[in-house]
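Q: I am sharing work16.cif, which consists of mmCIF, C-alpha atoms:
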data_start
loop_
_atom_site.label_atom_id
_atom_site.label_comp_id
_atom_site.auth_asym_id
_atom_site.auth_seq_id
_atom_site.Cartn_x
_atom_site.Cartn_y
_atom_site.Cartn_z
CA MET A 1176 120.19 -40.31 182.10
CA ASP A 1177 121.24 -36.91 180.94
CA THR A 1178 123.16 -35.15 183.65
CA SER A 1179 125.14 -32.74 181.52
CA SER A 1180 122.53 -30.11 180.82
CA ALA A 1181 121.26 -28.79 184.10
CA ALA A 1182 121.05 -25.32 182.60
CA ASP A 1183 119.06 -26.61 179.63
CA SER A 1184 116.72 -28.89 181.50
CA HIS A 1185 113.06 -28.05 181.50
CA GLY A 1186 111.34 -29.08 184.67
CA GLU A 1187 107.91 -28.99 183.07
CA LEU A 1188 108.82 -31.44 180.29
CA PRO A 1189 108.57 -35.16 180.95
CA SER A 1190 111.69 -37.12 180.12
CA ASP A 1191 111.20 -38.66 176.73
CA PRO A 1192 113.39 -41.53 175.56
CA ASP A 1193 113.14 -40.25 172.00
CA VAL A 1194 114.84 -36.96 172.77
CA VAL A 1195 117.59 -38.00 175.22
CA GLY A 1196 120.71 -36.04 174.39
CA THR A 1197 118.84 -33.06 172.99
CA PRO A 1198 118.15 -30.12 175.28
CA SER A 1199 114.45 -29.97 174.42
CA ARG A 1200 111.92 -31.82 172.35
CA PRO A 1201 111.74 -31.42 168.57
CA LEU A 1202 110.08 -28.25 167.34
CA HIS A 1203 107.02 -30.01 165.93
CA LEU A 1204 106.23 -31.53 169.32
CA ARG A 1205 106.39 -28.26 171.25
CA PRO A 1206 102.93 -26.90 172.13
CA SER A 1207 104.03 -23.30 171.58
CA ALA A 1208 105.28 -24.06 168.04
CA LEU A 1209 102.01 -25.87 167.27
CA ALA A 1210 100.05 -22.88 168.56
CA TRP A 1211 101.92 -20.47 166.26
CA VAL A 1212 101.31 -22.68 163.22
CA PHE A 1213 97.64 -23.06 164.16
CA ALA A 1214 97.15 -19.29 164.57
CA GLY A 1215 98.82 -18.59 161.22
CA GLY A 1216 96.76 -21.36 159.64
CA ILE A 1217 93.49 -19.70 160.70
CA VAL A 1218 94.52 -16.37 159.16
CA GLY A 1219 95.88 -17.94 155.96
CA THR A 1220 92.76 -20.06 155.42
CA ALA A 1221 90.45 -17.11 156.16
CA LEU A 1222 92.25 -14.88 153.64
CA ARG A 1223 92.05 -17.60 150.98
CA TYR A 1224 88.37 -18.23 151.77
CA TYR A 1225 87.46 -14.58 151.18
CA VAL A 1226 89.59 -14.18 148.04
CA GLU A 1227 87.91 -17.31 146.58
CA LEU A 1228 84.52 -15.80 147.53
CA LEU A 1229 85.37 -12.52 145.78
CA LEU A 1230 86.58 -14.20 142.58
CA PRO A 1231 84.52 -17.36 142.09
CA HIS A 1232 85.73 -19.79 139.45
CA ASP A 1233 83.47 -20.82 136.56
CA PRO A 1234 85.01 -23.81 134.74
CA PRO A 1235 85.70 -22.49 131.25
CA GLY A 1236 87.49 -19.51 132.76
CA TRP A 1237 90.88 -19.13 134.37
CA PRO A 1238 90.83 -19.81 138.14
CA TRP A 1239 92.04 -16.33 139.04
CA ALA A 1240 91.51 -16.54 142.79
CA THR A 1241 93.70 -19.63 143.36
CA PHE A 1242 96.19 -18.40 140.77
CA LEU A 1243 96.67 -15.03 142.48
CA ILE A 1244 96.68 -16.62 145.94
CA ASN A 1245 99.36 -19.14 145.02
CA LEU A 1246 101.63 -16.70 143.22
CA SER A 1247 101.40 -13.97 145.85
CA GLY A 1248 101.85 -16.55 148.64
CA ALA A 1249 104.98 -17.92 146.97
CA PHE A 1250 106.38 -14.37 146.72
CA VAL A 1251 105.64 -13.58 150.37
CA LEU A 1252 107.14 -16.88 151.57
CA GLY A 1253 110.33 -16.29 149.55
CA CYS A 1254 110.60 -12.76 150.96
CA LEU A 1255 109.88 -13.93 154.50
CA LEU A 1256 112.29 -16.88 154.64
CA GLU A 1257 115.13 -14.98 153.00
CA GLY A 1258 114.52 -11.91 155.18
CA LEU A 1259 114.43 -13.94 158.39
CA ALA A 1260 117.56 -15.88 157.42
CA ARG A 1261 119.37 -12.55 156.89
CA LEU A 1262 118.25 -11.24 160.26
CA GLY A 1263 119.76 -14.15 162.18
CA ASP A 1264 119.47 -17.84 163.02
CA ASP A 1265 116.16 -19.66 163.29
CA SER A 1266 115.38 -19.10 166.97
CA GLY A 1267 113.38 -16.83 169.25
CA TRP A 1268 111.06 -14.33 167.55
CA ARG A 1269 112.39 -15.19 164.08
CA GLN A 1270 111.35 -18.81 164.55
CA ARG A 1271 107.93 -17.76 165.85
CA VAL A 1272 107.39 -15.47 162.85
CA ARG A 1273 108.48 -18.26 160.48
CA LEU A 1274 106.08 -20.75 162.08
CA CYS A 1275 103.15 -18.33 162.24
CA ALA A 1276 103.46 -16.32 159.01
CA GLY A 1277 105.38 -18.87 156.94
CA THR A 1278 104.38 -22.44 157.85
CA GLY A 1279 100.93 -21.47 159.11
CA GLY A 1280 100.05 -18.31 157.15
CA CYS A 1281 101.59 -18.73 153.68
CA GLY A 1282 101.24 -22.51 153.91
CA ALA A 1283 97.50 -22.41 154.54
CA PHE A 1284 96.88 -19.36 152.32
CA THR A 1285 98.30 -21.14 149.28
CA THR A 1286 96.90 -24.49 148.23
CA TYR A 1287 97.95 -27.32 145.98
CA SER A 1288 94.76 -29.38 146.34
CA THR A 1289 92.33 -26.71 145.06
CA PHE A 1290 94.81 -25.95 142.29
CA ALA A 1291 94.88 -29.64 141.27
CA LEU A 1292 91.08 -29.92 141.49
CA GLU A 1293 90.58 -26.86 139.28
CA ALA A 1294 92.91 -28.35 136.66
CA VAL A 1295 90.99 -31.66 136.82
CA LEU A 1296 87.60 -29.92 136.51
CA LEU A 1297 88.84 -27.81 133.58
CA GLY A 1298 90.05 -30.97 131.84
CA ARG A 1299 86.82 -32.81 132.62
CA GLY A 1300 84.85 -29.97 131.05
CA GLY A 1301 86.84 -30.44 127.84
CA HIS A 1302 89.01 -27.37 128.40
CA VAL A 1303 92.23 -29.34 128.25
CA GLY A 1304 94.26 -26.44 126.87
CA THR A 1305 93.21 -24.16 129.72
CA ALA A 1306 93.85 -26.95 132.24
CA LEU A 1307 97.37 -27.56 130.90
CA SER A 1308 98.31 -23.90 130.70
CA TYR A 1309 96.81 -23.24 134.14
CA GLY A 1310 98.94 -26.04 135.62
CA ILE A 1311 102.18 -25.07 133.93
CA VAL A 1312 101.83 -21.28 134.23
CA SER A 1313 101.01 -21.65 137.93
CA VAL A 1314 103.97 -23.91 138.70
CA VAL A 1315 106.47 -21.85 136.70
CA GLY A 1316 104.96 -18.61 138.02
CA GLY A 1317 105.16 -19.86 141.60
CA VAL A 1318 108.85 -20.66 141.25
CA VAL A 1319 109.55 -17.26 139.64
CA MET A 1320 107.58 -15.45 142.37
CA ALA A 1321 109.34 -17.32 145.21
CA TRP A 1322 112.68 -16.51 143.59
CA LEU A 1323 111.64 -12.84 143.18
CA GLY A 1324 110.68 -12.73 146.86
CA ILE A 1325 114.12 -14.04 147.79
CA VAL A 1326 115.80 -11.46 145.51
CA VAL A 1327 113.76 -8.58 146.93
CA ALA A 1328 114.49 -9.57 150.54
CA ALA A 1329 118.18 -10.05 149.71
CA SER A 1330 118.48 -6.62 148.05
CA VAL A 1331 116.65 -4.90 150.93
CA GLY A 1332 119.04 -6.72 153.29
CA ARG A 1333 122.08 -5.54 151.34
CA GLY A 1334 120.72 -1.98 151.21
CA ARG A 1335 120.26 -1.95 154.99
CA ALA A 1336 123.74 -3.38 155.50
CA ARG A 1337 125.26 -0.53 153.44
CA ALA A 1338 123.26 2.22 155.16
CA MET B 865 79.33 -20.82 161.44
CA ILE B 866 80.58 -22.53 158.26
CA PRO B 867 83.32 -19.94 157.63
CA MET B 868 84.58 -20.33 161.22
CA LEU B 869 84.61 -24.14 160.91
CA THR B 870 86.45 -23.81 157.61
CA PHE B 871 89.15 -21.59 159.16
CA LEU B 872 89.62 -24.00 162.07
CA ALA B 873 89.79 -26.95 159.67
CA GLY B 874 92.41 -25.04 157.66
CA ALA B 875 94.47 -24.48 160.79
CA ALA B 876 94.15 -28.19 161.63
CA GLY B 877 95.36 -28.94 158.10
CA ALA B 878 98.36 -26.63 158.58
CA LEU B 879 99.17 -28.38 161.87
CA SER B 880 98.95 -31.80 160.21
CA ARG B 881 101.30 -30.58 157.48
CA PHE B 882 103.76 -29.20 160.03
CA THR B 883 103.94 -32.40 162.08
CA LEU B 884 103.90 -34.79 159.11
CA ASP B 885 106.56 -32.74 157.30
CA ALA B 886 108.83 -32.86 160.35
CA SER B 887 108.31 -36.59 160.95
CA ILE B 888 109.01 -37.45 157.31
CA LYS B 889 112.16 -35.30 157.28
CA GLN B 890 113.30 -36.91 160.53
CA ARG B 891 113.08 -40.44 159.12
CA TRP B 892 113.93 -39.79 155.51
CA ARG B 893 116.83 -37.45 154.88
CA SER B 894 117.06 -36.52 151.22
CA PRO B 895 117.88 -33.44 149.14
CA PHE B 896 114.55 -34.02 147.38
CA PRO B 897 111.58 -32.46 149.25
CA TRP B 898 109.61 -35.72 149.60
CA ALA B 899 107.61 -34.47 152.57
CA THR B 900 105.91 -31.64 150.66
CA VAL B 901 105.27 -33.93 147.69
CA VAL B 902 103.63 -36.56 149.92
CA ILE B 903 101.50 -33.86 151.58
CA ASN B 904 100.39 -32.24 148.33
CA VAL B 905 99.60 -35.54 146.61
CA THR B 906 97.62 -37.00 149.53
CA GLY B 907 95.73 -33.72 150.04
CA SER B 908 94.85 -33.56 146.34
CA LEU B 909 93.63 -37.18 146.43
CA LEU B 910 91.40 -36.35 149.40
CA LEU B 911 89.99 -33.21 147.75
CA GLY B 912 89.30 -35.07 144.48
CA LEU B 913 87.45 -37.77 146.42
CA LEU B 914 85.49 -35.16 148.34
CA ALA B 915 84.55 -33.15 145.24
CA GLY B 916 83.47 -36.37 143.55
CA LEU B 917 81.33 -37.40 146.51
CA VAL B 918 79.61 -33.99 146.46
CA LEU B 919 79.08 -34.12 142.69
CA PHE B 920 78.15 -37.78 142.21
CA GLY B 921 77.17 -38.92 145.67
CA ASP B 922 74.84 -36.09 146.61
CA GLN B 923 76.89 -35.27 149.67
CA SER B 924 76.37 -31.78 151.06
CA ALA B 925 78.60 -29.08 149.55
CA VAL B 926 79.27 -27.96 153.12
CA TRP B 927 81.71 -30.89 153.35
CA GLN B 928 83.63 -29.63 150.38
CA THR B 929 83.86 -26.19 151.95
CA VAL B 930 84.90 -27.26 155.46
CA ILE B 931 87.09 -30.28 154.66
CA GLY B 932 88.05 -29.29 151.10
CA THR B 933 88.63 -25.53 151.23
CA GLY B 934 89.46 -25.74 154.93
CA PHE B 935 91.42 -28.86 155.80
CA CYS B 936 92.83 -29.85 152.38
CA GLY B 937 93.60 -26.20 151.55
CA GLY B 938 95.47 -25.67 154.81
CA TYR B 939 97.17 -29.07 154.62
CA THR B 940 98.52 -28.71 151.07
CA THR B 941 100.77 -25.83 150.18
CA PHE B 942 101.86 -24.21 146.97
CA SER B 943 104.24 -21.65 148.45
CA THR B 944 106.55 -24.17 150.14
CA ALA B 945 106.59 -26.33 147.01
CA SER B 946 107.65 -23.29 144.92
CA PHE B 947 110.23 -22.23 147.49
CA GLU B 948 111.77 -25.70 147.65
CA THR B 949 112.13 -25.76 143.87
CA VAL B 950 114.05 -22.46 144.03
CA ARG B 951 116.27 -23.88 146.79
CA LEU B 952 117.10 -26.90 144.61
CA VAL B 953 118.04 -24.56 141.74
CA GLN B 954 120.22 -22.52 144.12
CA GLN B 955 121.97 -25.72 145.22
CA GLY B 956 122.74 -26.52 141.59
CA ARG B 957 120.33 -29.49 141.57
CA ARG B 958 118.54 -28.44 138.42
CA ALA B 959 117.27 -31.88 137.45
CA LEU B 960 115.75 -32.39 140.91
CA ALA B 961 114.22 -28.90 140.73
CA LEU B 962 112.54 -29.68 137.42
CA LEU B 963 111.43 -33.07 138.75
CA ASN B 964 110.00 -31.44 141.87
CA ALA B 965 108.08 -28.76 139.96
CA MET B 966 106.70 -30.91 137.16
CA GLY B 967 106.55 -34.20 139.08
CA SER B 968 104.48 -32.63 141.86
CA LEU B 969 102.11 -31.11 139.32
CA VAL B 970 101.56 -34.37 137.46
CA ALA B 971 101.31 -36.48 140.64
CA ALA B 972 98.91 -34.09 142.41
CA VAL B 973 96.61 -33.72 139.39
CA ALA B 974 96.66 -37.51 138.83
CA ALA B 975 95.89 -38.14 142.52
CA CYS B 976 93.04 -35.62 142.43
CA ALA B 977 91.60 -37.23 139.27
CA LEU B 978 91.95 -40.65 140.89
CA GLY B 979 89.98 -39.50 143.95
CA PHE B 980 87.35 -38.01 141.69
CA LEU B 981 87.03 -41.26 139.69
CA LEU B 982 86.93 -43.29 142.89
CA ALA B 983 83.93 -41.26 144.08
CA TRP B 984 82.25 -41.67 140.70
CA SER B 985 82.72 -45.46 140.76
CA LEU B 986 81.33 -45.81 144.28
#
The structure in this file should be written as C-alpha coordinates.
A:
Amino acid sequence: MDTSSAADSHGELPSDPDVVGTPSRPLHLRPSALAWVFAGGIVGTALRYYVELLLPHDPPGWPWATFLINLSGAFVLGCLLEGLARLGDDSGWRQRVRLCAGTGGCGAFTTYSTFALEAVLLGRGGHVGTALSYGIVSVVGGVVMAWLGIVVAASVGRGRARA
Amino acid sequence: MIPMLTFLAGAAGALSRFTLDASIKQRWRSPFPWATVVINVTGSLLLGLLAGLVLFGDQSAVWQTVIGTGFCGGYTTFSTASFETVRLVQQGRRALALLNAMGSLVAAVAACALGFLLAWSL
(Lines of atoms letter the chains of each structure in order from A and count residues from 1; the text may use other names and numbers.)
(Lines give C-alpha, C1' and ligand atoms only; values in the text may rest on other atoms or scores of the structure.)
Protein backbone atom coordinates (compact mmCIF):
# COMPACT_ATOMS: atom_id res chain seq x y z
CA MET A 1 0.00 0.00 0.00
CA ASP A 2 0.95 3.61 -0.33
CA THR A 3 3.03 4.67 2.61
CA SER A 4 4.85 7.59 1.04
CA SER A 5 2.17 10.25 1.18
CA ALA A 6 1.10 10.68 4.76
CA ALA A 7 0.77 14.40 4.19
CA ASP A 8 -1.39 13.85 1.11
CA SER A 9 -3.59 11.12 2.50
CA HIS A 10 -7.25 11.84 2.92
CA GLY A 11 -8.76 10.02 5.83
CA GLU A 12 -12.28 10.42 4.51
CA LEU A 13 -11.54 8.77 1.16
CA PRO A 14 -11.71 4.99 0.88
CA SER A 15 -8.63 3.38 -0.60
CA ASP A 16 -9.33 2.72 -4.23
CA PRO A 17 -7.19 0.28 -6.22
CA ASP A 18 -7.68 2.41 -9.32
CA VAL A 19 -5.97 5.44 -7.86
CA VAL A 20 -3.05 3.89 -5.92
CA GLY A 21 -0.01 6.06 -6.41
CA THR A 22 -1.98 9.26 -6.90
CA PRO A 23 -2.55 11.51 -3.92
CA SER A 24 -6.30 11.78 -4.48
CA ARG A 25 -8.94 10.45 -6.79
CA PRO A 26 -9.37 11.78 -10.33
CA LEU A 27 -11.13 15.11 -10.63
CA HIS A 28 -14.26 13.69 -12.25
CA LEU A 29 -14.82 11.36 -9.31
CA ARG A 30 -14.57 14.04 -6.63
CA PRO A 31 -17.97 15.05 -5.23
CA SER A 32 -16.93 18.71 -4.93
CA ALA A 33 -15.91 18.88 -8.61
CA LEU A 34 -19.21 17.25 -9.62
CA ALA A 35 -21.11 19.77 -7.50
CA TRP A 36 -19.41 22.73 -9.23
CA VAL A 37 -20.19 21.32 -12.69
CA PHE A 38 -23.79 20.64 -11.65
CA ALA A 39 -24.28 24.17 -10.28
CA GLY A 40 -22.84 25.73 -13.44
CA GLY A 41 -24.98 23.39 -15.53
CA ILE A 42 -28.18 24.65 -13.90
CA VAL A 43 -27.28 28.29 -14.61
CA GLY A 44 -26.11 27.60 -18.18
CA THR A 45 -29.24 25.61 -19.04
CA ALA A 46 -31.53 28.23 -17.46
CA LEU A 47 -29.91 31.05 -19.44
CA ARG A 48 -30.26 29.08 -22.68
CA TYR A 49 -33.87 28.19 -21.86
CA TYR A 50 -34.85 31.84 -21.45
CA VAL A 51 -32.93 33.07 -24.52
CA GLU A 52 -34.68 30.36 -26.61
CA LEU A 53 -38.01 31.50 -25.11
CA LEU A 54 -37.30 35.14 -26.03
CA LEU A 55 -36.29 34.34 -29.61
CA PRO A 56 -38.35 31.36 -30.76
CA HIS A 57 -37.29 29.69 -33.99
CA ASP A 58 -39.72 29.36 -36.90
CA PRO A 59 -38.28 26.95 -39.50
CA PRO A 60 -37.83 29.12 -42.59
CA GLY A 61 -35.97 31.68 -40.49
CA TRP A 62 -32.48 31.72 -39.04
CA PRO A 63 -32.29 30.12 -35.56
CA TRP A 64 -31.04 33.29 -33.90
CA ALA A 65 -31.33 32.14 -30.29
CA THR A 66 -29.09 29.06 -30.65
CA PHE A 67 -26.78 30.95 -32.99
CA LEU A 68 -26.22 33.81 -30.53
CA ILE A 69 -25.97 31.40 -27.58
CA ASN A 70 -23.33 29.25 -29.27
CA LEU A 71 -21.21 32.12 -30.53
CA SER A 72 -21.28 34.10 -27.29
CA GLY A 73 -20.64 30.92 -25.26
CA ALA A 74 -17.61 30.08 -27.42
CA PHE A 75 -16.26 33.61 -26.85
CA VAL A 76 -16.77 33.45 -23.08
CA LEU A 77 -15.17 29.99 -22.84
CA GLY A 78 -12.12 31.14 -24.83
CA CYS A 79 -11.79 34.21 -22.60
CA LEU A 80 -12.27 32.18 -19.43
CA LEU A 81 -9.84 29.34 -20.18
CA GLU A 82 -7.12 31.67 -21.46
CA GLY A 83 -7.62 34.08 -18.55
CA LEU A 84 -7.48 31.30 -15.95
CA ALA A 85 -4.41 29.75 -17.56
CA ARG A 86 -2.66 33.14 -17.35
CA LEU A 87 -3.57 33.54 -13.70
CA GLY A 88 -1.92 30.28 -12.66
CA ASP A 89 -2.13 26.50 -12.75
CA ASP A 90 -5.40 24.59 -12.75
CA SER A 91 -5.94 24.19 -9.01
CA GLY A 92 -7.80 25.77 -6.11
CA TRP A 93 -10.25 28.56 -7.00
CA ARG A 94 -9.15 28.63 -10.65
CA GLN A 95 -10.12 24.99 -11.03
CA ARG A 96 -13.46 25.59 -9.30
CA VAL A 97 -14.21 28.55 -11.60
CA ARG A 98 -13.25 26.46 -14.66
CA LEU A 99 -15.52 23.59 -13.59
CA CYS A 100 -18.46 25.83 -12.65
CA ALA A 101 -18.37 28.59 -15.28
CA GLY A 102 -16.56 26.68 -18.04
CA THR A 103 -17.48 22.97 -18.00
CA GLY A 104 -20.84 23.52 -16.33
CA GLY A 105 -21.87 27.04 -17.38
CA CYS A 106 -20.56 27.54 -20.93
CA GLY A 107 -20.86 23.82 -21.63
CA ALA A 108 -24.55 23.67 -20.77
CA PHE A 109 -25.34 27.15 -22.12
CA THR A 110 -24.11 26.22 -25.59
CA THR A 111 -25.54 23.21 -27.36
CA TYR A 112 -24.62 21.06 -30.31
CA SER A 113 -27.76 18.90 -30.28
CA THR A 114 -30.28 21.74 -30.70
CA PHE A 115 -27.99 23.23 -33.33
CA ALA A 116 -27.97 19.92 -35.25
CA LEU A 117 -31.74 19.50 -34.88
CA GLU A 118 -32.40 23.00 -36.22
CA ALA A 119 -30.24 22.27 -39.26
CA VAL A 120 -32.11 18.98 -39.82
CA LEU A 121 -35.53 20.66 -39.49
CA LEU A 122 -34.50 23.47 -41.86
CA GLY A 123 -33.37 20.87 -44.40
CA ARG A 124 -36.54 18.81 -43.92
CA GLY A 125 -38.63 21.91 -44.60
CA GLY A 126 -36.84 22.31 -47.94
CA HIS A 127 -34.66 25.19 -46.76
CA VAL A 128 -31.45 23.39 -47.60
CA GLY A 129 -29.54 26.59 -48.32
CA THR A 130 -30.41 28.07 -44.93
CA ALA A 131 -29.59 24.75 -43.24
CA LEU A 132 -26.16 24.58 -44.89
CA SER A 133 -25.27 28.20 -44.23
CA TYR A 134 -26.54 27.94 -40.65
CA GLY A 135 -24.30 24.91 -40.05
CA ILE A 136 -21.19 26.35 -41.64
CA VAL A 137 -21.54 29.93 -40.38
CA SER A 138 -22.12 28.63 -36.84
CA VAL A 139 -19.10 26.32 -36.84
CA VAL A 140 -16.75 28.88 -38.41
CA GLY A 141 -18.20 31.65 -36.23
CA GLY A 142 -17.76 29.55 -33.10
CA VAL A 143 -14.10 28.95 -33.86
CA VAL A 144 -13.53 32.66 -34.60
CA MET A 145 -15.33 33.68 -31.39
CA ALA A 146 -13.38 31.20 -29.23
CA TRP A 147 -10.15 32.47 -30.79
CA LEU A 148 -11.25 36.11 -30.20
CA GLY A 149 -11.98 35.27 -26.57
CA ILE A 150 -8.47 33.85 -26.19
CA VAL A 151 -6.96 36.95 -27.86
CA VAL A 152 -8.93 39.34 -25.64
CA ALA A 153 -7.96 37.50 -22.44
CA ALA A 154 -4.33 37.33 -23.58
CA SER A 155 -4.16 41.07 -24.35
CA VAL A 156 -5.81 41.97 -21.03
CA GLY A 157 -3.27 39.68 -19.34
CA ARG A 158 -0.36 41.39 -21.12
CA GLY A 159 -1.76 44.83 -20.26
CA ARG A 160 -1.97 43.90 -16.58
CA ALA A 161 1.55 42.47 -16.66
CA ARG A 162 2.90 45.79 -18.02
CA ALA A 163 0.99 47.97 -15.55
CA MET B 1 -42.26 23.04 -12.61
CA ILE B 2 -41.20 22.21 -16.19
CA PRO B 3 -38.52 24.94 -16.31
CA MET B 4 -37.04 23.70 -13.02
CA LEU B 5 -36.99 20.09 -14.27
CA THR B 6 -35.37 21.29 -17.49
CA PHE B 7 -32.59 23.11 -15.61
CA LEU B 8 -31.92 20.06 -13.43
CA ALA B 9 -31.88 17.81 -16.49
CA GLY B 10 -29.42 20.22 -18.11
CA ALA B 11 -27.16 20.03 -15.07
CA ALA B 12 -27.40 16.22 -15.17
CA GLY B 13 -26.40 16.41 -18.84
CA ALA B 14 -23.40 18.59 -17.98
CA LEU B 15 -22.37 16.09 -15.29
CA SER B 16 -22.66 13.19 -17.74
CA ARG B 17 -20.50 15.11 -20.21
CA PHE B 18 -17.90 15.88 -17.55
CA THR B 19 -17.57 12.27 -16.38
CA LEU B 20 -17.78 10.69 -19.85
CA ASP B 21 -15.25 13.19 -21.24
CA ALA B 22 -12.79 12.37 -18.46
CA SER B 23 -13.24 8.60 -18.79
CA ILE B 24 -12.77 8.69 -22.56
CA LYS B 25 -9.64 10.86 -22.24
CA GLN B 26 -8.28 8.51 -19.57
CA ARG B 27 -8.57 5.44 -21.80
CA TRP B 28 -7.95 6.99 -25.18
CA ARG B 29 -5.13 9.48 -25.38
CA SER B 30 -5.13 11.30 -28.69
CA PRO B 31 -4.48 14.82 -29.98
CA PHE B 32 -7.91 14.62 -31.63
CA PRO B 33 -10.76 15.59 -29.26
CA TRP B 34 -12.68 12.31 -29.61
CA ALA B 35 -14.50 12.72 -26.31
CA THR B 36 -16.34 15.90 -27.34
CA VAL B 37 -17.15 14.41 -30.75
CA VAL B 38 -18.63 11.27 -29.15
CA ILE B 39 -20.66 13.42 -26.74
CA ASN B 40 -21.99 15.77 -29.41
CA VAL B 41 -22.87 12.99 -31.86
CA THR B 42 -24.64 10.79 -29.28
CA GLY B 43 -26.52 13.80 -27.85
CA SER B 44 -27.63 14.86 -31.34
CA LEU B 45 -28.82 11.30 -32.08
CA LEU B 46 -30.86 11.31 -28.87
CA LEU B 47 -32.40 14.73 -29.59
CA GLY B 48 -33.29 13.72 -33.17
CA LEU B 49 -34.98 10.59 -31.86
CA LEU B 50 -36.84 12.59 -29.24
CA ALA B 51 -37.99 15.28 -31.67
CA GLY B 52 -39.15 12.56 -34.05
CA LEU B 53 -41.08 10.78 -31.31
CA VAL B 54 -42.83 14.05 -30.41
CA LEU B 55 -43.60 14.86 -34.05
CA PHE B 56 -44.53 11.41 -35.38
CA GLY B 57 -45.28 9.42 -32.26
CA ASP B 58 -47.57 11.86 -30.50
CA GLN B 59 -45.33 11.95 -27.46
CA SER B 60 -45.79 14.96 -25.21
CA ALA B 61 -43.68 18.00 -26.13
CA VAL B 62 -42.80 18.21 -22.44
CA TRP B 63 -40.32 15.38 -23.10
CA GLN B 64 -38.61 17.39 -25.77
CA THR B 65 -38.30 20.33 -23.40
CA VAL B 66 -37.03 18.44 -20.34
CA ILE B 67 -34.88 15.77 -22.00
CA GLY B 68 -34.15 17.64 -25.25
CA THR B 69 -33.59 21.26 -24.21
CA GLY B 70 -32.52 20.16 -20.75
CA PHE B 71 -30.49 16.96 -20.81
CA CYS B 72 -29.29 16.90 -24.45
CA GLY B 73 -28.61 20.65 -24.38
CA GLY B 74 -26.54 20.40 -21.21
CA TYR B 75 -24.82 17.19 -22.34
CA THR B 76 -23.70 18.45 -25.77
CA THR B 77 -21.54 21.53 -26.04
CA PHE B 78 -20.68 23.92 -28.80
CA SER B 79 -18.23 26.09 -26.87
CA THR B 80 -15.79 23.28 -26.01
CA ALA B 81 -15.94 21.96 -29.58
CA SER B 82 -15.03 25.45 -30.90
CA PHE B 83 -12.30 25.91 -28.30
CA GLU B 84 -10.73 22.54 -29.11
CA THR B 85 -10.62 23.44 -32.80
CA VAL B 86 -8.72 26.64 -31.94
CA ARG B 87 -6.31 24.62 -29.76
CA LEU B 88 -5.60 22.26 -32.68
CA VAL B 89 -4.86 25.26 -34.92
CA GLN B 90 -2.55 26.70 -32.23
CA GLN B 91 -0.71 23.37 -32.08
CA GLY B 92 -0.17 23.52 -35.84
CA ARG B 93 -2.55 20.59 -36.45
CA ARG B 94 -4.55 22.36 -39.13
CA ALA B 95 -5.85 19.23 -40.85
CA LEU B 96 -7.14 17.84 -37.54
CA ALA B 97 -8.70 21.23 -36.75
CA LEU B 98 -10.58 21.25 -40.04
CA LEU B 99 -11.58 17.62 -39.54
CA ASN B 100 -12.82 18.39 -36.03
CA ALA B 101 -14.88 21.41 -37.09
CA MET B 102 -16.42 20.00 -40.25
CA GLY B 103 -16.42 16.33 -39.22
CA SER B 104 -18.32 17.11 -36.01
CA LEU B 105 -20.86 19.16 -37.94
CA VAL B 106 -21.51 16.44 -40.52
CA ALA B 107 -21.53 13.61 -37.96
CA ALA B 108 -23.83 15.42 -35.51
CA VAL B 109 -26.33 16.48 -38.19
CA ALA B 110 -26.28 12.95 -39.69
CA ALA B 111 -26.81 11.40 -36.23
CA CYS B 112 -29.68 13.80 -35.52
CA ALA B 113 -31.30 12.99 -38.89
CA LEU B 114 -30.83 9.28 -38.20
CA GLY B 115 -32.60 9.59 -34.83
CA PHE B 116 -35.38 11.54 -36.49
CA LEU B 117 -35.81 8.88 -39.22
CA LEU B 118 -35.68 6.11 -36.63
CA ALA B 119 -38.62 7.70 -34.79
CA TRP B 120 -40.51 8.11 -38.06
CA SER B 121 -40.00 4.44 -38.98
CA LEU B 122 -41.16 3.19 -35.57
Q: Counting all atoms listed in the file, figure out which residue out of B:Ile931, B:Leu981, B:Val973, B:Ala959 gets nearest to chain A.
A: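 Looking only at the distances to chain A, the closest residue turns out to be B:Val973.
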Q: Spell out the residues picked by the PyMOL selection byres ((chain A) within 6 of (chain B)) here, as a ChimeraX atom specification.
A: /A:1203,1213,1216-1217,1220-1221,1245,1248-1249,1279,1282-1283,1285-1288,1291,1317-1318,1321
Q: Which distance in Å separates CA of Leu1259 in chain A and CA of Ser1313 in chain A, to one decimal?
A: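 It comes out at 25.7 Å.
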Q: Work out how far apart CA of Arg1261 in chain A and CA of Trp1322 in chain A are and give it in Å to one decimal.
A: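 Separation between CA of Arg1261 in chain A and CA of Trp1322 in chain A: 15.4 Å.
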Q: Taking the file as I've supplied it (selection: the PyMOL selection byres ((chain B and resi 984) around 8)), which residues are included? Please answer as a ChimeraX atom specification.
A: /B:916-917,920-921,980-983,985-986
Q: Separation of CA of Ser1308 in chain A and CA of Leu952 in chain B, in Å?
A: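 Going from CA of Ser1308 in chain A over to CA of Leu952 in chain B covers 23.6 Å.
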